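Have a look at final.cif; it's mmCIF, C-alpha atoms and all ligand atoms:
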```
data_protein
#
loop_
_atom_site.label_atom_id
_atom_site.label_comp_id
_atom_site.auth_asym_id
_atom_site.auth_seq_id
_atom_site.Cartn_x
_atom_site.Cartn_y
_atom_site.Cartn_z
CA MET A 1 24.27 6.18 -12.60
CA ALA A 2 22.08 8.98 -11.35
CA ASP A 3 19.10 7.02 -12.56
CA SER A 4 19.88 3.87 -10.63
CA GLU A 5 20.61 6.01 -7.58
CA GLU A 6 17.13 7.48 -7.90
CA GLN A 7 15.63 4.04 -8.08
CA LYS A 8 17.30 2.89 -4.91
CA PHE A 9 14.81 1.93 -2.26
CA SER A 10 15.09 3.43 1.19
CA LEU A 11 13.22 2.12 4.20
CA GLN A 12 13.82 5.48 5.85
CA GLU A 13 11.95 7.13 2.99
CA VAL A 14 8.95 4.84 3.52
CA PHE A 15 9.10 5.64 7.18
CA ASP A 16 9.27 9.40 6.50
CA THR A 17 6.40 9.47 4.03
CA PHE A 18 4.08 7.53 6.30
CA LYS A 19 5.04 9.86 9.12
CA LEU A 20 4.01 12.81 6.96
CA CYS A 21 0.73 11.13 5.98
CA LEU A 22 -1.29 12.14 9.01
CA SER A 23 -2.23 15.74 9.63
CA GLU A 24 -2.58 17.14 13.14
CA ASN A 25 -6.27 16.38 13.16
CA LYS A 26 -5.65 12.89 11.77
CA GLU A 27 -6.52 13.40 8.17
CA VAL A 28 -4.56 11.40 5.60
CA TYR A 29 -2.65 13.43 3.02
CA LEU A 30 -3.16 11.79 -0.34
CA GLN A 31 0.16 13.04 -1.74
CA HIS A 32 2.23 11.43 1.00
CA TYR A 33 0.14 8.27 0.87
CA VAL A 34 0.87 7.96 -2.82
CA ASP A 35 4.56 8.76 -2.26
CA GLY A 36 4.76 5.97 0.30
CA TRP A 37 3.40 3.50 -2.24
CA ARG A 38 5.77 4.78 -4.88
CA GLU A 39 8.67 3.99 -2.62
CA LEU A 40 7.30 0.53 -1.89
CA VAL A 41 6.92 -0.17 -5.59
CA LYS A 42 10.63 0.64 -6.01
CA PHE A 43 11.35 -2.10 -3.54
CA LEU A 44 9.06 -4.50 -5.32
CA ASN A 45 10.76 -3.76 -8.64
CA SER A 46 14.14 -4.51 -7.14
CA LEU A 47 12.93 -8.03 -6.38
CA GLY A 48 12.68 -8.86 -10.05
CA SER A 49 10.24 -9.31 -12.89
CA VAL A 50 8.22 -12.08 -11.21
CA PHE A 51 6.60 -9.29 -9.25
CA GLY A 52 5.94 -7.24 -12.36
CA PHE A 53 2.22 -7.98 -12.48
CA ILE A 54 1.85 -6.74 -8.92
CA SER A 55 3.91 -3.61 -9.36
CA LYS A 56 2.10 -2.85 -12.63
CA ASP A 57 -1.24 -2.84 -10.86
CA ALA A 58 0.10 -0.72 -8.01
CA VAL A 59 1.64 1.76 -10.47
CA ASN A 60 -1.66 1.95 -12.33
CA LYS A 61 -3.49 2.84 -9.17
CA ILE A 62 -0.85 5.35 -8.17
CA LYS A 63 -1.20 6.98 -11.60
CA ILE A 64 -4.97 7.28 -11.23
CA LEU A 65 -4.57 9.04 -7.89
CA VAL A 66 -1.77 11.28 -9.18
CA ALA A 67 -4.06 12.38 -12.01
CA TYR A 68 -6.55 13.57 -9.37
CA LEU A 69 -3.81 15.22 -7.34
CA ASP A 70 -2.66 17.13 -10.42
CA GLY A 71 -6.09 17.58 -11.98
CA GLU A 72 -8.45 20.54 -12.09
CA ASN A 73 -10.13 19.52 -8.85
CA SER A 74 -6.87 18.96 -7.03
CA SER A 75 -7.97 21.06 -4.07
CA GLN A 76 -10.61 18.39 -3.33
CA TYR A 77 -7.95 15.69 -3.22
CA VAL A 78 -5.65 17.06 -0.55
CA THR A 79 -6.71 14.51 2.02
CA VAL A 80 -8.46 11.16 1.80
CA GLN A 81 -11.22 12.73 3.91
CA SER A 82 -11.77 15.57 1.45
CA MET A 83 -11.63 13.16 -1.49
CA VAL A 84 -14.31 10.93 0.03
CA LYS A 85 -16.54 13.89 0.75
CA TYR A 86 -16.09 15.43 -2.68
CA GLU A 87 -16.61 12.24 -4.65
CA LEU A 88 -19.64 11.15 -2.60
CA ASP A 89 -21.27 14.61 -2.60
CA ASN A 90 -20.93 14.75 -6.36
CA GLY A 91 -21.98 11.19 -7.13
CA LEU A 92 -18.56 10.30 -8.54
CA VAL A 93 -18.35 6.81 -7.04
CA ASP A 94 -19.86 3.53 -8.26
CA LEU A 95 -21.30 2.28 -4.99
CA THR A 96 -22.80 -1.09 -5.81
CA LYS A 97 -21.65 -2.13 -9.24
CA ARG A 98 -19.13 -0.89 -11.72
CA GLY A 99 -20.61 1.79 -13.95
CA ASN A 100 -19.62 5.29 -14.91
CA TYR A 101 -16.80 5.70 -12.40
CA PRO A 102 -14.60 2.63 -12.58
CA GLU A 103 -11.59 4.70 -11.57
CA SER A 104 -12.96 6.80 -8.74
CA GLY A 105 -10.42 7.95 -6.18
CA CYS A 106 -12.40 6.14 -3.48
CA ARG A 107 -12.33 2.69 -5.09
CA THR A 108 -8.75 3.08 -6.27
CA LEU A 109 -7.50 4.05 -2.84
CA LEU A 110 -9.48 1.21 -1.29
CA ARG A 111 -7.33 -1.29 -3.24
CA LEU A 112 -4.15 0.25 -1.86
CA HIS A 113 -5.71 0.49 1.57
CA ARG A 114 -6.36 -3.26 1.58
CA ALA A 115 -2.78 -3.83 0.44
CA LEU A 116 -1.59 -1.68 3.34
CA LYS A 117 -3.11 -4.21 5.71
CA TRP A 118 -1.09 -6.92 4.00
CA LEU A 119 2.03 -4.77 4.40
CA GLU A 120 1.37 -4.21 8.08
CA LEU A 121 0.89 -7.93 8.72
CA PHE A 122 3.89 -8.90 6.64
CA LEU A 123 6.26 -6.38 8.22
CA GLU A 124 5.14 -7.35 11.68
CA ARG A 125 5.98 -10.97 10.87
CA LEU A 126 9.29 -9.96 9.38
CA ARG A 127 10.13 -7.83 12.40
CA THR A 128 9.43 -10.58 14.90
CA SER A 129 10.82 -13.47 12.84
CA SER A 130 13.82 -15.52 13.79
CA GLU A 131 16.90 -15.88 11.58
CA ASP A 132 15.57 -19.00 9.90
CA GLY A 133 12.12 -17.52 9.28
CA LYS A 134 10.87 -17.94 5.73
CA THR A 135 9.85 -14.71 3.99
CA SER A 136 7.67 -16.63 1.54
CA VAL A 137 5.63 -18.11 4.39
CA MET A 138 5.39 -14.78 6.23
CA CYS A 139 4.26 -13.12 3.03
CA ALA A 140 1.71 -15.81 2.17
CA ASP A 141 0.27 -15.85 5.69
CA ALA A 142 -0.09 -12.07 5.71
CA TYR A 143 -1.69 -12.21 2.26
CA ASN A 144 -4.14 -14.95 3.20
CA GLU A 145 -5.22 -12.96 6.23
CA SER A 146 -5.86 -9.79 4.27
CA LEU A 147 -5.80 -9.18 0.53
CA ALA A 148 -6.51 -12.73 -0.55
CA GLN A 149 -10.16 -12.51 0.43
CA HIS A 150 -10.60 -9.72 -2.11
CA HIS A 151 -8.85 -11.51 -4.97
CA PRO A 152 -10.20 -14.11 -7.38
CA TRP A 153 -8.59 -17.54 -7.57
CA VAL A 154 -6.34 -16.75 -10.50
CA VAL A 155 -4.79 -13.74 -8.77
CA ARG A 156 -4.33 -15.70 -5.54
CA LYS A 157 -2.61 -18.42 -7.50
CA ALA A 158 -0.24 -16.01 -9.28
CA ALA A 159 0.52 -14.19 -6.03
CA GLY A 160 1.27 -17.50 -4.31
CA MET A 161 3.74 -18.40 -7.05
CA ALA A 162 5.47 -15.04 -6.79
CA PHE A 163 5.84 -15.36 -3.01
CA CYS A 164 7.78 -18.59 -3.51
CA VAL A 165 10.66 -16.75 -5.16
CA LEU A 166 11.02 -14.11 -2.44
CA PRO A 167 14.59 -13.90 -1.26
CA ALA A 168 15.54 -15.50 2.03
CA ARG A 169 15.24 -13.41 5.16
CA VAL A 170 18.88 -12.34 5.27
CA THR A 171 18.93 -11.27 1.61
CA PHE A 172 15.60 -9.57 2.08
CA PHE A 173 17.10 -7.41 4.81
CA GLU A 174 20.01 -6.58 2.53
CA VAL A 175 17.62 -5.38 -0.17
CA LEU A 176 15.83 -3.34 2.47
CA ASN A 177 18.99 -1.28 2.50
CA ALA A 178 18.62 -0.28 6.13
CA GLY A 179 21.82 -1.55 7.66
CA PRO A 180 22.31 -4.85 9.48
CA PRO A 181 19.17 -6.88 10.26
CA GLU A 182 18.97 -5.63 13.87
CA GLN A 183 18.96 -2.05 12.65
CA ALA A 184 16.33 -2.76 10.00
CA VAL A 185 14.22 -4.57 12.60
CA ALA A 186 14.43 -1.52 14.88
CA MET A 187 13.37 0.73 12.02
CA LEU A 188 10.45 -1.55 11.23
CA GLY A 189 9.46 -1.26 14.86
CA GLU A 190 9.23 2.51 14.44
CA ALA A 191 7.57 2.43 11.05
CA LEU A 192 4.86 -0.09 11.86
CA PRO A 193 2.81 2.01 14.30
CA LEU A 194 2.72 4.78 11.68
CA ILE A 195 1.54 2.47 8.93
CA SER A 196 -0.93 0.95 11.30
CA GLU A 197 -2.38 4.31 12.29
CA VAL A 198 -2.76 5.45 8.68
CA TYR A 199 -4.53 2.17 7.98
CA GLN A 200 -6.81 2.53 10.98
CA VAL A 201 -7.83 6.11 10.22
CA THR A 202 -8.67 5.18 6.62
CA GLU A 203 -10.52 2.06 7.71
CA VAL A 204 -12.74 4.00 10.12
CA LEU A 205 -13.45 6.66 7.49
CA TYR A 206 -14.37 4.08 4.86
CA ALA A 207 -16.51 2.15 7.33
CA GLN A 208 -18.38 5.31 8.34
CA HIS A 209 -19.29 5.93 4.73
CA ASN A 210 -19.97 2.29 3.84
CA LEU A 211 -17.16 2.25 1.33
CA LEU A 212 -15.35 -0.92 2.32
CA ASP A 213 -16.88 -3.03 -0.45
CA LEU A 214 -16.68 -0.65 -3.40
CA PRO A 215 -16.74 -2.61 -6.68
C1 LIG B 301 7.40 -8.45 -1.02
C2 LIG B 301 6.42 -9.17 -1.85
C3 LIG B 301 5.38 -8.33 -2.40
C4 LIG B 301 4.10 -9.05 -2.52
C5 LIG B 301 2.93 -8.13 -2.69
C6 LIG B 301 1.71 -8.73 -2.05
C7 LIG B 301 0.48 -8.30 -2.68
C8 LIG B 301 -0.02 -9.28 -3.69
C9 LIG B 301 -1.05 -8.64 -4.49
C10 LIG B 301 -1.33 -9.30 -5.77
C11 LIG B 301 -1.90 -8.29 -6.71
C12 LIG B 301 -2.12 -8.84 -8.06
C13 LIG B 301 -2.32 -7.83 -9.14
C14 LIG B 301 -3.72 -7.40 -9.43
C15 LIG B 301 -4.61 -7.17 -8.49
C16 LIG B 301 -5.87 -6.43 -8.70
O1 LIG B 301 -6.84 -7.23 -9.29
C17 LIG B 301 -6.31 -5.91 -7.37
C18 LIG B 301 -7.68 -5.31 -7.38
O2 LIG B 301 -7.73 -4.21 -8.21
P1 LIG B 301 -8.93 -4.09 -9.26
O3 LIG B 301 -8.71 -2.77 -9.96
O4 LIG B 301 -8.81 -5.27 -10.19
O5 LIG B 301 -10.20 -4.13 -8.45
N1 LIG B 301 -5.34 -4.96 -6.92
C19 LIG B 301 -4.89 -4.91 -5.65
O6 LIG B 301 -5.32 -5.65 -4.80
C20 LIG B 301 -3.83 -3.89 -5.32
C21 LIG B 301 -2.57 -4.61 -5.03
C22 LIG B 301 -1.47 -3.65 -4.77
C23 LIG B 301 -0.27 -4.37 -4.28
C24 LIG B 301 0.84 -3.44 -4.03
C25 LIG B 301 2.02 -4.14 -3.50
C26 LIG B 301 3.17 -3.26 -3.40
C27 LIG B 301 4.26 -3.96 -2.75
C28 LIG B 301 5.20 -3.48 -2.17
C29 LIG B 301 6.35 -4.21 -1.62
C30 LIG B 301 6.39 -4.17 -0.19
C31 LIG B 301 7.72 -4.53 0.31
C32 LIG B 301 7.76 -4.79 1.74
C33 LIG B 301 9.01 -4.37 2.36
C34 LIG B 301 9.16 -2.92 2.47
C35 LIG B 301 9.51 -2.48 3.80
C36 LIG B 301 8.85 -1.22 4.22
#
```
Before we go any further, please render this structure as structure tokens.
Amino acid sequence: MADSEEQKFSLQEVFDTFKLCLSENKEVYLQHYVDGWRELVKFLNSLGSVFGFISKDAVNKIKILVAYLDGENSSQYVTVQSMVKYELDNGLVDLTKRGNYPESGCRTLLRLHRALKWLELFLERLRTSSEDGKTSVMCADAYNESLAQHHPWVVRKAAGMAFCVLPARVTFFEVLNAGPPEQAVAMLGEALPLISEVYQVTEVLYAQHNLLDLP
């Protein structure tokens, strides 16, 4: 019982973690960023095993970042800004092709960062959709506009198949566990600017350091 309670997804929790992500001077706290993704993965898992290959990859990336957060250099991984500085200053990032650092914090976070764009686009569509809107179409459109360009054909194909089995809009809102659709829509309206700002801050940082195409 307690276990399934723990697994229960809460939109409020996503909202809260993304709110905590940004420091006063607009640095992104890695711990909260990772916690936000953890919560999202819970949601993904509740949609069923078709999404297993996606959640597995997300969990893998979360684990890599958690290892840095808990590791001996944890003080360098407090914010995404400090992580970027530390890894670049110490030559811990494969910049042009995969080599000695296939699991750098920078390249791992970049994958989640790109997925955050998908999330932003998808949630915005969901928020503004009408009752008969199709979640599978909203999801696919958001994906094609963002993540898809970074994925090879086979991943795009598998993702496209998974989107087809997304629950209908009304069920989707039920799984969101945030009250009636109007209430969930209102919460999305509050959460989106936060997600969007975290995305934007990270995007600018990565662009400044030429990190947007890390292999
Ligand atoms: C609701 C439906 C969820 C659909 C998720 C869309 C994303 C599709 C991504 C497909 C990823 C396929 C698995 C492998 C990809 C990797 O090759 C790729 C690159 O990594 P690498 O190491 O090979 O260079 N990895 C990624 O691009 C990272 C993908 C992470 C996706 C994380 C998705 C987590 C989803 C959360 C559910 C969100 C629910 C929305 C509603 C919540 C309301 C706040």
- [ ] Point out the residue among A:Val93, A:Met83, A:Val59, A:Val41 with the least atom-to-atom distance to Val28 of chain A, counting all atoms listed in the file.
- [x] A:Met83
Open item on the list: Using all atoms listed in the file, which residues have at least one atom no more than 8 Å from ligand LIG 301 (chain B)? Output them as a VMD selection string.
Closed with: chain A and resid 11 14 to 15 37 40 to 44 47 51 53 to 58 61 107 to 108 111 to 112 114 to 116 118 to 119 122 to 123 139 143 147 to 148 150 to 152 155 to 156 158 to 159 162 to 163 166 176 188 191 215
Requested write-out: C-alpha atoms of the selected residues, as a JSON list (two decimals), keeping the file's coordinate frame:
```json
[["chain", "number", "residue", "atom", "x", "y", "z"],
["A", 11, "LEU", "CA", 13.22, 2.12, 4.20],
["A", 14, "VAL", "CA", 8.95, 4.84, 3.52],
["A", 15, "PHE", "CA", 9.10, 5.64, 7.18],
["A", 37, "TRP", "CA", 3.40, 3.50, -2.24],
["A", 40, "LEU", "CA", 7.30, 0.53, -1.89],
["A", 41, "VAL", "CA", 6.92, -0.17, -5.59],
["A", 42, "LYS", "CA", 10.63, 0.64, -6.01],
["A", 43, "PHE", "CA", 11.35, -2.10, -3.54],
["A", 44, "LEU", "CA", 9.06, -4.50, -5.32],
["A", 47, "LEU", "CA", 12.93, -8.03, -6.38],
["A", 51, "PHE", "CA", 6.60, -9.29, -9.25],
["A", 53, "PHE", "CA", 2.22, -7.98, -12.48],
["A", 54, "ILE", "CA", 1.85, -6.74, -8.92],
["A", 55, "SER", "CA", 3.91, -3.61, -9.36],
["A", 56, "LYS", "CA", 2.10, -2.85, -12.63],
["A", 57, "ASP", "CA", -1.24, -2.84, -10.86],
["A", 58, "ALA", "CA", 0.10, -0.72, -8.01],
["A", 61, "LYS", "CA", -3.49, 2.84, -9.17],
["A", 107, "ARG", "CA", -12.33, 2.69, -5.09],
["A", 108, "THR", "CA", -8.75, 3.08, -6.27],
["A", 111, "ARG", "CA", -7.33, -1.29, -3.24],
["A", 112, "LEU", "CA", -4.15, 0.25, -1.86],
["A", 114, "ARG", "CA", -6.36, -3.26, 1.58],
["A", 115, "ALA", "CA", -2.78, -3.83, 0.44],
["A", 116, "LEU", "CA", -1.59, -1.68, 3.34],
["A", 118, "TRP", "CA", -1.09, -6.92, 4.00],
["A", 119, "LEU", "CA", 2.03, -4.77, 4.40],
["A", 122, "PHE", "CA", 3.89, -8.90, 6.64],
["A", 123, "LEU", "CA", 6.26, -6.38, 8.22],
["A", 139, "CYS", "CA", 4.26, -13.12, 3.03],
["A", 143, "TYR", "CA", -1.69, -12.21, 2.26],
["A", 147, "LEU", "CA", -5.80, -9.18, 0.53],
["A", 148, "ALA", "CA", -6.51, -12.73, -0.55],
["A", 150, "HIS", "CA", -10.60, -9.72, -2.11],
["A", 151, "HIS", "CA", -8.85, -11.51, -4.97],
["A", 152, "PRO", "CA", -10.20, -14.11, -7.38],
["A", 155, "VAL", "CA", -4.79, -13.74, -8.77],
["A", 156, "ARG", "CA", -4.33, -15.70, -5.54],
["A", 158, "ALA", "CA", -0.24, -16.01, -9.28],
["A", 159, "ALA", "CA", 0.52, -14.19, -6.03],
["A", 162, "ALA", "CA", 5.47, -15.04, -6.79],
["A", 163, "PHE", "CA", 5.84, -15.36, -3.01],
["A", 166, "LEU", "CA", 11.02, -14.11, -2.44],
["A", 176, "LEU", "CA", 15.83, -3.34, 2.47],
["A", 188, "LEU", "CA", 10.45, -1.55, 11.23],
["A", 191, "ALA", "CA", 7.57, 2.43, 11.05],
["A", 215, "PRO", "CA", -16.74, -2.61, -6.68]]
```
Task: Straight-line distance linking atom CA of Ala207 of chain A with atom CA of Asp89 of chain A, stated in Å to one decimal - done: 16.6 Å
Task: For Gln81 of chain A: contacts at 9 Å, only C-alpha atoms, fewer than 5 positions along chain excluded, given as a PyMOL selection string - done: chain A and resi 27-29+86+202+205
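Atom to atom, atom CA of Ser196 of chain A and atom CA of Gly36 of chain A stand 13.4 Å apart.
Using all atoms listed in the file, the shortest contact distance between Val165 of chain A and any of A:Gln200, A:Gln31, A:Thr135, A:Thr79 is found at A:Thr135.
Our summary of the geometry notes that atom CA of Glu39 of chain A is positioned 16.6 Å from atom CA of Lys117 of chain A.
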Using only C-alpha atoms, which residues sit within 8 Å of Ala178 of chain A once same-chain residues fewer than 2 positions away are excluded, as a compact mmCIF listing (two decimals) with C-alpha atoms, in the frame of the given file?
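Dumped everything to result02.txt:
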```txt
# COMPACT_ATOMS: atom_id res chain seq x y z
CA SER A 10 15.09 3.43 1.19
CA LEU A 11 13.22 2.12 4.20
CA GLN A 12 13.82 5.48 5.85
CA PHE A 173 17.10 -7.41 4.81
CA GLU A 174 20.01 -6.58 2.53
CA LEU A 176 15.83 -3.34 2.47
CA PRO A 180 22.31 -4.85 9.48
CA PRO A 181 19.17 -6.88 10.26
CA GLN A 183 18.96 -2.05 12.65
CA ALA A 184 16.33 -2.76 10.00
CA MET A 187 13.37 0.73 12.02
```
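Nearest-residue note for Gln76 of chain A: choosing from A:Leu110, A:Leu121, A:Leu192, A:Leu30, the minimum distance belongs to A:Leu30, counting all atoms listed in the file.
Residue nearest Asp35 of chain A within the list A:Gly133, A:Tyr68, A:Ile62, A:Val50: A:Ile62 [criterion: smallest interatomic distance, only C-alpha atoms].
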Open item on the list: Calculated over all atoms listed in the file, which of the candidates A:Ile64, A:Val198, A:Val84, A:Val154 has the smallest distance to His32 of chain A?
Closed with: A:Val198
Open item on the list: Please list as a PyMOL selection string every residue within 9 Å of Thr96 of chain A, counting all atoms listed in the file and excluding residues in the same chain fewer than 3 positions away.
Closed with: chain A and resi 99+213-215
I'd like the box whose edges run along x, y and z of the file and which contains every listed atom of segment 15-27 of chain A, padded by 3 Å per side; could you state its centre and edge lengths in Å, one decimal, as AutoDock Vina command-line options?
```
--center_x 1.4 --center_y 11.4 --center_z 8.6 --size_x 21.8 --size_y 17.5 --size_z 15.1
```
